[in-house]
Amino acid sequence: MLFLWDNEQENEEDEQKDDEIYFDGEVAEIDDVKIEIKEIKVIPAGEEGNEHEDSPVFAIWYDATNKTDKEIDPGMAWLAIFTAIQDNDPDMVNELEVGSLPDK
């Protein structure tokens with residue numbers, strides 16, 4: 001299983017925005033938010049944090065910092081920067097969905 005972060009967009013406006021995204025593998029930053037990835041883990045089905053699913057989940061723990069006066073919650077911050085793609089089929093783009101939180 002391979003997971004990639006892909007911030008490429010299809011239209012010209014979004015491509016311009018991509019030039020403004022900083023990501024060093026642990027910290028991602030745009031004008032409005034900063035995300036620092038703390039831990040990445042695959043949680044097997046049935047284990048703590050994934051008790052109710054039949055498939056493993058790819059979990060990412062992170063800190064989100066709102067750098068503005070806008071209302072931006074951590075989930076919105078994540079979605080503003082990242083799209084998770086599972087590259088397991090050369091004929092299809094498999095974008096992973098955001099799931100429930102695996103812990104408190």
# chains A, B, ... in the order shown; residues from 1 in each chain; ligands from 1
$ select_by_dssp --residues "stretch 61-94 of chain A" --states "strand (DSSP E)" --output "PyMOL selection string"
chain A and resi 61-66+84-86+94
$ write_last_selection --atoms "N, CA and C atoms" --output "PDB file, in the first residue's frame"
ATOM      1  N   TRP A  61      -2.096  11.801  12.774  1.00  0.00           N
ATOM      2  CA  TRP A  61      -2.282  12.737  13.877  1.00  0.00           C
ATOM      3  C   TRP A  61      -1.491  13.987  13.538  1.00  0.00           C
ATOM      4  N   TYR A  62      -2.117  15.145  13.750  1.00  0.00           N
ATOM      5  CA  TYR A  62      -1.457  16.390  13.389  1.00  0.00           C
ATOM      6  C   TYR A  62      -1.945  17.534  14.262  1.00  0.00           C
ATOM      7  N   ASP A  63      -1.132  18.572  14.330  1.00  0.00           N
ATOM      8  CA  ASP A  63      -1.521  19.828  14.963  1.00  0.00           C
ATOM      9  C   ASP A  63      -1.802  20.821  13.849  1.00  0.00           C
ATOM     10  N   ALA A  64      -2.902  21.545  13.970  1.00  0.00           N
ATOM     11  CA  ALA A  64      -3.255  22.570  12.993  1.00  0.00           C
ATOM     12  C   ALA A  64      -3.237  23.929  13.681  1.00  0.00           C
ATOM     13  N   THR A  65      -2.597  24.884  13.036  1.00  0.00           N
ATOM     14  CA  THR A  65      -2.537  26.241  13.553  1.00  0.00           C
ATOM     15  C   THR A  65      -3.232  27.169  12.572  1.00  0.00           C
ATOM     16  N   ASN A  66      -4.250  27.865  13.047  1.00  0.00           N
ATOM     17  CA  ASN A  66      -4.951  28.869  12.262  1.00  0.00           C
ATOM     18  C   ASN A  66      -4.148  30.164  12.366  1.00  0.00           C
ATOM     19  N   ALA A  84      -5.314  12.589   0.051  1.00  0.00           N
ATOM     20  CA  ALA A  84      -4.604  11.315   0.163  1.00  0.00           C
ATOM     21  C   ALA A  84      -5.043  10.407  -0.988  1.00  0.00           C
ATOM     22  N   ILE A  85      -4.071   9.879  -1.716  1.00  0.00           N
ATOM     23  CA  ILE A  85      -4.316   9.004  -2.857  1.00  0.00           C
ATOM     24  C   ILE A  85      -3.653   7.657  -2.579  1.00  0.00           C
ATOM     25  N   GLN A  86      -4.400   6.575  -2.748  1.00  0.00           N
ATOM     26  CA  GLN A  86      -3.832   5.233  -2.637  1.00  0.00           C
ATOM     27  C   GLN A  86      -3.545   4.749  -4.050  1.00  0.00           C
ATOM     28  N   ASN A  94      -7.483   6.494  -6.727  1.00  0.00           N
ATOM     29  CA  ASN A  94      -8.233   6.071  -5.555  1.00  0.00           C
ATOM     30  C   ASN A  94      -8.013   7.084  -4.436  1.00  0.00           C
TER      31      ASN A  94
END
$ atom_distance --atom1 "atom CA of A:Val57" --atom2 "atom CA of A:Ile35"
20.4 Å
$ atom_distance --atom1 "atom CA of A:Ala45" --atom2 "atom CA of A:Asp103"
14.5 Å
$ residues_around --residues "A:Glu47" --least-positions-apart "4" --cutoff "12 Å" --atoms "only C-alpha atoms" --output "NGL selection string"
:A and (42-43 or 51-57 or 102-103)
